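Chemist: File my_file-v2.cif follows (mmCIF, C-alpha atoms):
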data_run
#
loop_
_atom_site.group_PDB
_atom_site.id
_atom_site.type_symbol
_atom_site.label_atom_id
_atom_site.label_comp_id
_atom_site.auth_asym_id
_atom_site.auth_seq_id
_atom_site.Cartn_x
_atom_site.Cartn_y
_atom_site.Cartn_z
ATOM 1 C CA MET A 19 10.902 -23.096 7.089
ATOM 2 C CA LYS A 20 8.941 -22.003 4.018
ATOM 3 C CA LEU A 21 11.862 -19.999 2.603
ATOM 4 C CA GLU A 22 14.641 -22.527 3.155
ATOM 5 C CA GLY A 23 17.111 -22.420 0.281
ATOM 6 C CA LYS A 24 16.015 -18.917 -0.755
ATOM 7 C CA VAL A 25 18.150 -15.792 -0.742
ATOM 8 C CA ALA A 26 16.548 -12.437 0.024
ATOM 9 C CA LEU A 27 17.856 -8.885 -0.255
ATOM 10 C CA VAL A 28 16.113 -6.293 1.914
ATOM 11 C CA THR A 29 17.087 -2.704 1.179
ATOM 12 C CA GLY A 30 17.305 -0.258 4.060
ATOM 13 C CA SER A 31 17.361 -3.014 6.659
ATOM 14 C CA SER A 32 19.533 -1.582 9.446
ATOM 15 C CA GLN A 33 16.538 -0.608 11.581
ATOM 16 C CA GLY A 34 12.781 -0.365 11.841
ATOM 17 C CA ILE A 35 10.582 -2.163 9.333
ATOM 18 C CA GLY A 36 13.548 -3.319 7.246
ATOM 19 C CA GLN A 37 15.220 -4.959 10.215
ATOM 20 C CA GLY A 38 11.952 -6.649 11.161
ATOM 21 C CA ILE A 39 11.591 -8.026 7.634
ATOM 22 C CA VAL A 40 15.130 -9.419 7.603
ATOM 23 C CA LEU A 41 14.563 -11.240 10.885
ATOM 24 C CA ARG A 42 11.206 -12.646 9.784
ATOM 25 C CA LEU A 43 12.637 -13.937 6.489
ATOM 26 C CA ALA A 44 15.596 -15.469 8.311
ATOM 27 C CA GLU A 45 13.204 -17.165 10.738
ATOM 28 C CA ALA A 46 11.457 -18.641 7.694
ATOM 29 C CA GLY A 47 14.748 -20.131 6.532
ATOM 30 C CA ALA A 48 16.012 -17.584 4.004
ATOM 31 C CA ASP A 49 19.583 -16.399 3.711
ATOM 32 C CA VAL A 50 19.508 -12.608 3.830
ATOM 33 C CA VAL A 51 21.430 -9.620 2.577
ATOM 34 C CA ILE A 52 21.320 -6.635 4.914
ATOM 35 C CA ASN A 53 21.696 -3.255 3.241
ATOM 36 C CA TYR A 54 22.292 0.131 4.827
ATOM 37 C CA ARG A 55 23.462 3.574 3.804
ATOM 38 C CA SER A 56 24.270 5.453 7.011
ATOM 39 C CA HIS A 57 23.689 3.226 10.067
ATOM 40 C CA PRO A 58 26.483 0.627 10.316
ATOM 41 C CA GLU A 59 25.716 -0.015 13.979
ATOM 42 C CA GLY A 60 22.138 -0.905 13.072
ATOM 43 C CA ALA A 61 23.282 -3.250 10.320
ATOM 44 C CA GLU A 62 25.626 -4.986 12.748
ATOM 45 C CA GLU A 63 22.780 -5.345 15.253
ATOM 46 C CA THR A 64 20.543 -6.840 12.573
ATOM 47 C CA LEU A 65 23.277 -9.253 11.564
ATOM 48 C CA ALA A 66 23.842 -10.370 15.157
ATOM 49 C CA LYS A 67 20.137 -11.070 15.540
ATOM 50 C CA VAL A 68 20.101 -13.090 12.313
ATOM 51 C CA GLN A 69 23.076 -15.123 13.475
ATOM 52 C CA ALA A 70 21.331 -15.720 16.795
ATOM 53 C CA ILE A 71 18.425 -17.394 15.034
ATOM 54 C CA GLY A 72 20.724 -19.470 12.881
ATOM 55 C CA GLY A 73 20.505 -17.614 9.585
ATOM 56 C CA ARG A 74 23.492 -16.998 7.369
ATOM 57 C CA CYS A 75 23.840 -13.349 6.576
ATOM 58 C CA HIS A 76 25.876 -11.101 4.339
ATOM 59 C CA MET A 77 26.089 -7.465 5.348
ATOM 60 C CA VAL A 78 26.358 -4.902 2.574
ATOM 61 C CA GLN A 79 28.415 -2.001 3.878
ATOM 62 C CA CYS A 80 30.686 0.866 2.840
ATOM 63 C CA PRO A 81 32.981 0.702 -0.195
ATOM 64 C CA ASN A 82 36.522 -0.608 -0.077
ATOM 65 C CA ARG A 83 36.569 -1.355 3.638
ATOM 66 C CA GLN A 84 38.313 -4.532 4.690
ATOM 67 C CA ASP A 85 36.981 -4.849 8.234
ATOM 68 C CA SER A 86 33.365 -5.715 7.589
ATOM 69 C CA ILE A 87 31.660 -8.971 8.440
ATOM 70 C CA LYS A 88 32.404 -11.870 6.051
ATOM 71 C CA GLY A 89 34.986 -9.800 4.252
ATOM 72 C CA HIS A 90 32.688 -8.313 1.628
ATOM 73 C CA THR A 91 31.775 -4.635 1.644
ATOM 74 C CA ILE A 92 29.754 -2.251 -0.506
ATOM 75 C CA ARG A 93 28.052 1.057 0.131
ATOM 76 C CA ALA A 94 24.548 1.073 -1.301
ATOM 77 C CA ASP A 95 22.842 4.424 -1.559
ATOM 78 C CA LEU A 96 19.481 3.600 -3.124
ATOM 79 C CA GLY A 97 19.410 7.068 -4.645
ATOM 80 C CA SER A 98 22.350 6.197 -6.896
ATOM 81 C CA VAL A 99 21.670 3.884 -9.840
ATOM 82 C CA PRO A 100 25.323 2.673 -10.132
ATOM 83 C CA GLU A 101 25.320 1.768 -6.433
ATOM 84 C CA VAL A 102 21.945 0.062 -6.745
ATOM 85 C CA ARG A 103 23.257 -2.116 -9.569
ATOM 86 C CA GLN A 104 26.419 -2.857 -7.607
ATOM 87 C CA LEU A 105 24.319 -3.873 -4.599
ATOM 88 C CA ILE A 106 22.424 -6.443 -6.657
ATOM 89 C CA ALA A 107 25.604 -7.705 -8.351
ATOM 90 C CA GLU A 108 27.569 -8.147 -5.134
ATOM 91 C CA SER A 109 24.648 -9.822 -3.382
ATOM 92 C CA ILE A 110 24.468 -12.360 -6.215
ATOM 93 C CA GLU A 111 28.226 -12.791 -6.164
ATOM 94 C CA HIS A 112 28.213 -13.561 -2.447
ATOM 95 C CA PHE A 113 25.350 -16.054 -2.333
ATOM 96 C CA GLY A 114 25.393 -17.202 -5.954
ATOM 97 C CA LYS A 115 21.818 -16.073 -6.589
ATOM 98 C CA LEU A 116 18.905 -13.941 -5.423
ATOM 99 C CA ASP A 117 15.323 -15.185 -5.146
ATOM 100 C CA ILE A 118 13.557 -12.395 -3.271
ATOM 101 C CA LEU A 119 13.910 -8.624 -3.463
ATOM 102 C CA VAL A 120 12.285 -6.453 -0.813
ATOM 103 C CA ASN A 121 12.381 -2.779 -1.799
ATOM 104 C CA ASN A 122 12.104 -1.283 1.663
ATOM 105 C CA ALA A 123 14.475 1.714 1.730
ATOM 106 C CA GLY A 124 12.671 5.037 1.689
ATOM 107 C CA ILE A 125 12.871 8.627 2.891
ATOM 108 C CA GLU A 126 10.490 11.530 3.371
ATOM 109 C CA LYS A 127 10.850 15.310 3.591
ATOM 110 C CA HIS A 128 8.394 17.554 5.437
ATOM 111 C CA ALA A 129 7.514 20.835 3.714
ATOM 112 C CA ALA A 130 4.508 22.711 2.428
ATOM 113 C CA PHE A 131 4.168 22.115 -1.307
ATOM 114 C CA TRP A 132 5.142 25.719 -2.165
ATOM 115 C CA ASP A 133 8.369 25.367 -0.143
ATOM 116 C CA VAL A 134 9.602 22.039 -1.562
ATOM 117 C CA THR A 135 13.067 22.419 -3.079
ATOM 118 C CA GLU A 136 14.280 20.616 -6.161
ATOM 119 C CA ALA A 137 17.013 18.987 -4.065
ATOM 120 C CA ASP A 138 14.498 17.551 -1.587
ATOM 121 C CA TYR A 139 12.168 16.414 -4.380
ATOM 122 C CA ASP A 140 15.059 14.643 -6.119
ATOM 123 C CA ALA A 141 16.249 13.038 -2.885
ATOM 124 C CA VAL A 142 12.832 11.514 -2.168
ATOM 125 C CA LEU A 143 12.066 10.385 -5.716
ATOM 126 C CA ASN A 144 15.580 9.013 -6.297
ATOM 127 C CA VAL A 145 15.425 6.698 -3.278
ATOM 128 C CA ASN A 146 11.727 5.864 -3.168
ATOM 129 C CA LEU A 147 11.024 5.347 -6.864
ATOM 130 C CA LYS A 148 14.078 5.565 -9.124
ATOM 131 C CA GLY A 149 16.111 3.305 -6.842
ATOM 132 C CA VAL A 150 13.250 0.810 -6.650
ATOM 133 C CA PHE A 151 12.871 0.854 -10.444
ATOM 134 C CA PHE A 152 16.512 0.042 -11.148
ATOM 135 C CA ALA A 153 17.030 -2.389 -8.267
ATOM 136 C CA THR A 154 14.036 -4.311 -9.572
ATOM 137 C CA GLN A 155 15.372 -4.134 -13.125
ATOM 138 C CA ALA A 156 18.764 -5.591 -12.127
ATOM 139 C CA PHE A 157 17.060 -8.310 -10.068
ATOM 140 C CA VAL A 158 14.720 -9.219 -12.948
ATOM 141 C CA GLN A 159 17.635 -9.374 -15.389
ATOM 142 C CA HIS A 160 19.319 -11.877 -13.047
ATOM 143 C CA LEU A 161 16.185 -14.030 -12.854
ATOM 144 C CA ILE A 162 15.656 -14.022 -16.618
ATOM 145 C CA GLU A 163 19.302 -14.856 -17.291
ATOM 146 C CA THR A 164 19.183 -17.778 -14.846
ATOM 147 C CA LYS A 165 15.682 -18.842 -15.986
ATOM 148 C CA ARG A 166 14.212 -18.812 -12.481
ATOM 149 C CA PRO A 167 11.045 -17.388 -10.930
ATOM 150 C CA GLY A 168 11.282 -14.800 -8.173
ATOM 151 C CA LYS A 169 9.451 -12.537 -5.771
ATOM 152 C CA ILE A 170 9.486 -8.750 -5.560
ATOM 153 C CA ILE A 171 7.873 -7.099 -2.541
ATOM 154 C CA ASN A 172 7.752 -3.321 -2.344
ATOM 155 C CA ILE A 173 7.214 -1.533 0.944
ATOM 156 C CA SER A 174 4.829 1.167 -0.133
ATOM 157 C CA SER A 175 2.577 3.177 2.211
ATOM 158 C CA VAL A 176 -1.060 4.002 2.826
ATOM 159 C CA HIS A 177 -0.020 7.219 1.083
ATOM 160 C CA GLU A 178 -0.004 5.491 -2.281
ATOM 161 C CA ASP A 179 -3.745 6.200 -1.959
ATOM 162 C CA LEU A 180 -4.153 8.568 0.994
ATOM 163 C CA PRO A 181 -3.242 12.276 0.666
ATOM 164 C CA PHE A 182 -0.612 13.434 3.177
ATOM 165 C CA PRO A 183 -0.390 17.244 3.330
ATOM 166 C CA ASN A 184 3.165 18.615 3.530
ATOM 167 C CA PHE A 185 4.615 15.382 2.111
ATOM 168 C CA ALA A 186 3.725 15.802 -1.566
ATOM 169 C CA ALA A 187 6.958 14.309 -2.950
ATOM 170 C CA TYR A 188 6.595 11.263 -0.709
ATOM 171 C CA CYS A 189 3.019 10.698 -1.908
ATOM 172 C CA VAL A 190 4.133 11.054 -5.529
ATOM 173 C CA SER A 191 6.815 8.416 -4.977
ATOM 174 C CA LYS A 192 4.419 5.932 -3.407
ATOM 175 C CA GLY A 193 1.756 6.554 -6.043
ATOM 176 C CA GLY A 194 4.397 5.840 -8.669
ATOM 177 C CA MET A 195 5.351 2.635 -6.881
ATOM 178 C CA LYS A 196 1.717 1.527 -6.978
ATOM 179 C CA MET A 197 1.551 1.964 -10.766
ATOM 180 C CA LEU A 198 4.982 0.403 -11.283
ATOM 181 C CA THR A 199 3.810 -2.680 -9.393
ATOM 182 C CA ARG A 200 0.678 -3.031 -11.498
ATOM 183 C CA ASN A 201 2.591 -2.567 -14.738
ATOM 184 C CA LEU A 202 5.341 -5.044 -13.858
ATOM 185 C CA ALA A 203 2.801 -7.629 -12.730
ATOM 186 C CA VAL A 204 1.682 -7.737 -16.368
ATOM 187 C CA GLU A 205 5.177 -7.622 -17.887
ATOM 188 C CA LEU A 206 6.799 -10.169 -15.581
ATOM 189 C CA GLY A 207 4.051 -12.736 -15.160
ATOM 190 C CA ALA A 208 5.213 -14.828 -18.100
ATOM 191 C CA PHE A 209 8.574 -15.321 -16.356
ATOM 192 C CA GLY A 210 7.013 -16.568 -13.121
ATOM 193 C CA ILE A 211 8.025 -13.376 -11.334
ATOM 194 C CA THR A 212 5.468 -11.849 -8.970
ATOM 195 C CA ILE A 213 5.453 -8.316 -7.597
ATOM 196 C CA ASN A 214 3.289 -6.904 -4.826
ATOM 197 C CA ASN A 215 3.151 -3.941 -2.457
ATOM 198 C CA VAL A 216 2.843 -3.980 1.305
ATOM 199 C CA ALA A 217 1.509 -0.610 2.455
ATOM 200 C CA PRO A 218 2.072 0.160 6.142
ATOM 201 C CA GLY A 219 0.166 2.785 8.053
ATOM 202 C CA ALA A 220 1.524 4.207 11.308
ATOM 203 C CA ILE A 221 4.256 1.832 12.500
ATOM 204 C CA GLU A 222 6.241 2.184 15.719
ATOM 205 C CA THR A 223 9.775 2.723 14.377
ATOM 206 C CA PRO A 224 12.647 5.170 15.023
ATOM 207 C CA ILE A 225 11.340 7.478 12.278
ATOM 208 C CA ASN A 226 8.295 8.142 14.492
ATOM 209 C CA THR A 227 10.222 9.011 17.665
ATOM 210 C CA GLN A 228 8.853 12.574 17.806
ATOM 211 C CA LEU A 229 5.303 11.313 17.426
ATOM 212 C CA LEU A 230 5.762 8.722 20.160
ATOM 213 C CA ASN A 231 6.982 11.443 22.512
ATOM 214 C CA ASN A 232 4.034 13.741 21.809
ATOM 215 C CA PRO A 233 0.970 12.406 23.679
ATOM 216 C CA GLU A 234 -1.408 14.901 22.034
ATOM 217 C CA LYS A 235 -0.436 14.051 18.454
ATOM 218 C CA LEU A 236 -0.231 10.340 19.222
ATOM 219 C CA GLY A 237 -3.686 10.378 20.771
ATOM 220 C CA ALA A 238 -5.154 12.157 17.748
ATOM 221 C CA LEU A 239 -3.603 9.599 15.410
ATOM 222 C CA LEU A 240 -4.836 6.629 17.434
ATOM 223 C CA LYS A 241 -8.384 7.961 17.143
ATOM 224 C CA ASN A 242 -8.032 7.444 13.375
ATOM 225 C CA ILE A 243 -6.966 3.814 13.746
ATOM 226 C CA PRO A 244 -9.876 1.409 14.342
ATOM 227 C CA LEU A 245 -7.568 -1.115 16.047
ATOM 228 C CA SER A 246 -6.457 1.670 18.419
ATOM 229 C CA ARG A 247 -2.738 1.003 18.300
ATOM 230 C CA LEU A 248 0.333 1.653 16.203
ATOM 231 C CA GLY A 249 1.599 -1.204 14.105
ATOM 232 C CA GLN A 250 4.837 -3.041 14.869
ATOM 233 C CA PRO A 251 7.544 -3.965 12.358
ATOM 234 C CA GLN A 252 6.586 -7.628 12.720
ATOM 235 C CA ASP A 253 3.047 -6.804 11.540
ATOM 236 C CA VAL A 254 4.531 -5.741 8.213
ATOM 237 C CA ALA A 255 7.196 -8.447 8.148
ATOM 238 C CA SER A 256 4.668 -11.270 8.470
ATOM 239 C CA VAL A 257 2.856 -10.139 5.310
ATOM 240 C CA VAL A 258 6.179 -9.849 3.472
ATOM 241 C CA ALA A 259 7.122 -13.394 4.499
ATOM 242 C CA PHE A 260 3.803 -14.678 3.168
ATOM 243 C CA LEU A 261 4.230 -12.887 -0.168
ATOM 244 C CA ALA A 262 7.805 -14.210 -0.456
ATOM 245 C CA SER A 263 6.625 -17.796 -0.009
ATOM 246 C CA ALA A 264 5.083 -20.331 -2.376
ATOM 247 C CA ASP A 265 1.760 -19.758 -0.584
ATOM 248 C CA ALA A 266 1.492 -16.495 -2.546
ATOM 249 C CA ASP A 267 2.460 -17.829 -5.984
ATOM 250 C CA TYR A 268 -0.866 -16.778 -7.536
ATOM 251 C CA ILE A 269 -0.807 -13.232 -6.152
ATOM 252 C CA THR A 270 0.696 -10.392 -8.180
ATOM 253 C CA GLY A 271 0.026 -6.717 -8.823
ATOM 254 C CA SER A 272 -1.712 -6.226 -5.475
ATOM 255 C CA THR A 273 -1.315 -3.922 -2.486
ATOM 256 C CA PHE A 274 -1.787 -5.254 1.041
ATOM 257 C CA PHE A 275 -2.554 -2.524 3.576
ATOM 258 C CA VAL A 276 -1.128 -3.085 7.049
ATOM 259 C CA ASP A 277 -2.618 -0.103 8.846
ATOM 260 C CA GLY A 278 -5.101 -1.199 11.513
ATOM 261 C CA GLY A 279 -7.895 0.240 9.365
ATOM 262 C CA LEU A 280 -6.352 3.744 9.144
ATOM 263 C CA LEU A 281 -6.848 4.223 5.401
ATOM 264 C CA TRP A 282 -10.635 3.975 5.527
ATOM 265 C CA ASN A 283 -11.019 5.966 8.761
ATOM 266 C CA TYR A 284 -8.496 8.785 8.402
ATOM 267 C CA GLN A 285 -9.455 12.427 8.929
ATOM 268 C CA GLU A 286 -6.874 15.201 8.647
ATOM 269 C CA GLN A 287 -6.684 17.165 11.900
#
Can you turn what I pasted into structure tokens?
Modeler:
Amino acid sequence: MKLEGKVALVTGSSQGIGQGIVLRLAEAGADVVINYRSHPEGAEETLAKVQAIGGRCHMVQCPNRQDSIKGHTIRADLGSVPEVRQLIAESIEHFGKLDILVNNAGIEKHAAFWDVTEADYDAVLNVNLKGVFFATQAFVQHLIETKRPGKIINISSVHEDLPFPNFAAYCVSKGGMKMLTRNLAVELGAFGITINNVAPGAIETPINTQLLNNPEKLGALLKNIPLSRLGQPQDVASVVAFLASADADYITGSTFFVDGGLLWNYQEQ
């Protein structure tokens, strides 16, 4: 129980990698805040799984509803700075503190560069980078005010380094996250606050349903992965749990690739 007594907020944790991270942190003893924007059923499923393993969990939901679990509700769209700040504030109000922030929520939009609209660019950058920036800022302000150390773990992507044609805005957002992490490692070190990236490759999650149902495309991708399989959410979650623990106290400003070797073996088809 390396995280016993700690409180963690995982953004975008109603499914996929985020859900896997919540469960792994709860297994390690942390109390967890589940956040979602548009999948209440997934958040409820995540909460039930946390309760089944004995964790205490607070679900962050839609605004002004009175029927949510534990009687506390908030809608948290990570693309909205006021909602991001409210998410951090209400999480602290519920548990009395936050020790760990996992910036997991993210979106992507498929389009050739010359067809990308301003609306799609803004949507991706607002969630993937602007939301991360201001969630981290509010979390850091809380830690400084309470004079406590803390852990920030960003879920980046192999595409913080690896070009991804037709996903230019997504790559920009992850490249920005990489530089933000390096910069904040320098700024926050004196406060005992660490920040690191976990960069997944191809992970078997709902976002990849079309890929999983296309044997030809899946086969071509697997040829690029030296370990010859897609990753699982728990592959990512285990690295997050390590970085959130005291075992990683001397690690900051780094990216940990969880990709089965994809980054160094990838060839665009």
Chemist: Using all atoms listed in the file for the distances, tell me which of A:Lys169, A:Lys196, A:Arg247, A:His128 is nearest to Ile269 of chain A.
Modeler: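 Smallest distance to Ile269 of chain A is found for A:Lys169.
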Chemist: Need the shell around segment 251-263 of chain A: protein/DNA/RNA residues with any atom at most 6 Å away, counting only C-alpha atoms. Skip same-chain ones fewer than 5 positions apart. Format as a list in words?
Modeler: Ile35, Gly38, Ile39, Leu43 and Lys169 of chain A
Chemist: Find the nearest atom pair between each residue of segment 119-172 of chain A and segment 208-215 of chain A for residues within 6 Å, count all atoms listed in the file, give distances in Å to one decimal, sort rows by chain and ascending number, and present the table as a tab-separated table.
Modeler:
residue	atom	partner	partner_atom	distance
A:Pro167	CA	A:Gly210	CA	4.7
A:Gly168	CA	A:Ile211	CA	4.8
A:Lys169	CA	A:Thr212	CA	5.2
A:Ile170	CA	A:Ile213	CA	4.5
A:Ile171	CA	A:Asn214	CA	5.1
A:Asn172	CA	A:Asn215	CA	4.6
Chemist: Convert the output of the PyMOL selection byres ((chain A and resi 153-165) around 8) on the shown file into explicit residues, formatted as a list in words.
Modeler: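 Against this file, the PyMOL selection byres ((chain A and resi 153-165) around 8) returns the residues Val99, Val102, Arg103, Ile106, Leu116, Asp117, Leu119, Asn121, Gly149, Val150, Phe151, Phe152, Arg166, Pro167, Gly168, Ile170 and Phe209 of chain A.
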Chemist: Please save C-alpha atoms of the selected residues as a PDB file, in the coordinates of the input.
Modeler:
ATOM      1  CA  VAL A  99      21.670   3.884  -9.840  1.00  0.00           C
ATOM      2  CA  VAL A 102      21.945   0.062  -6.745  1.00  0.00           C
ATOM      3  CA  ARG A 103      23.257  -2.116  -9.569  1.00  0.00           C
ATOM      4  CA  ILE A 106      22.424  -6.443  -6.657  1.00  0.00           C
ATOM      5  CA  LEU A 116      18.905 -13.941  -5.423  1.00  0.00           C
ATOM      6  CA  ASP A 117      15.323 -15.185  -5.146  1.00  0.00           C
ATOM      7  CA  LEU A 119      13.910  -8.624  -3.463  1.00  0.00           C
ATOM      8  CA  ASN A 121      12.381  -2.779  -1.799  1.00  0.00           C
ATOM      9  CA  GLY A 149      16.111   3.305  -6.842  1.00  0.00           C
ATOM     10  CA  VAL A 150      13.250   0.810  -6.650  1.00  0.00           C
ATOM     11  CA  PHE A 151      12.871   0.854 -10.444  1.00  0.00           C
ATOM     12  CA  PHE A 152      16.512   0.042 -11.148  1.00  0.00           C
ATOM     13  CA  ARG A 166      14.212 -18.812 -12.481  1.00  0.00           C
ATOM     14  CA  PRO A 167      11.045 -17.388 -10.930  1.00  0.00           C
ATOM     15  CA  GLY A 168      11.282 -14.800  -8.173  1.00  0.00           C
ATOM     16  CA  ILE A 170       9.486  -8.750  -5.560  1.00  0.00           C
ATOM     17  CA  PHE A 209       8.574 -15.321 -16.356  1.00  0.00           C
TER      18      PHE A 209
END
Chemist: Might you spell out which residues the PyMOL selection byres ((chain A and resi 275-277) around 9) would select in the displayed file, as number ranges by chain?
Modeler: A: 175-176, 215-221, 243, 245, 248-249, 253-254, 257, 273-274, 278-281
Chemist: Under the rule that all atoms listed in the file are counted, which of A:Ile52, A:Val120, A:Leu198, A:Ala94 is the nearest residue to Ser31 of chain A?
Modeler: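 Among A:Ile52, A:Val120, A:Leu198, A:Ala94, it is A:Ile52 that comes nearest to Ser31 of chain A.
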Chemist: I'd like the box whose edges run along x, y and z of the file and which contains every listed atom of segment 174-188 of chain A, padded by 6 Å per side; could you state its centre and edge lengths in Å, one decimal, as AutoDock Vina command-line options?
Modeler:
--center_x 1.4 --center_y 9.9 --center_z 0.3 --size_x 23.1 --size_y 29.4 --size_z 18.5
Chemist: Selection in question (the file shown): the PyMOL selection byres ((chain A and resi 130) around 10). Which residues does it include, as number ranges by chain?
Modeler: A: 127-129, 131-134, 183-186
Chemist: Give the answer as one residue: which of A:Asp267, A:Leu27, A:Asn146, A:Met195 has the shortest atom-to-atom distance to His112 of chain A, using all atoms listed in the file?
Modeler: A:Leu27
Chemist: To one decimal in Å, tell me the separation between atom CA of Glu63 of chain A and atom CA of Ile225 of chain A.
Modeler: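 For atom CA of Glu63 of chain A relative to atom CA of Ile225 of chain A, the distance reads 17.4 Å.
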Chemist: So, with only C-alpha atoms as the atoms that count, which of A:Leu96, A:Gln285, A:Leu105, A:Lys20 lies closest to Ala266 of chain A?
Modeler: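 Going through A:Leu96, A:Gln285, A:Leu105, A:Lys20 one by one, the smallest distance to Ala266 of chain A is for A:Lys20.
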Chemist: Can you measure atom CA of Val28 of chain A to atom CA of Gln104 of chain A for me? One decimal in Å is fine.
Modeler: 14.4 Å
Chemist: Can you pull out every residue within 12 Å of Thr64 of chain A, counting all atoms listed in the file, but drop anything in the same chain fewer than 4 positions away, and send it as an MDAnalysis selection string?
Modeler: chainID A and resid 28 30:42 44 50:54 57:60 68:71 73:78
Chemist: Using all atoms listed in the file, can you tell me which of A:Lys148, A:Lys24, A:Ile118, A:Val142 comes closest to Pro100 of chain A?
Modeler: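 Answer, going by the shortest atom-to-atom distance: A:Lys148.
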Chemist: Taking only C-alpha atoms into account, name the residue in A:Leu21, A:Leu147, A:Leu236, A:Ile110 that is nearest to Val190 of chain A.
Modeler: A:Leu147
Chemist: Mind giving me the straight-line distance from atom CA of Ala264 of chain A to atom CA of Ala203 of chain A in Å, one decimal?
Modeler: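 According to the coordinates, atom CA of Ala264 of chain A and atom CA of Ala203 of chain A are separated by 16.5 Å.
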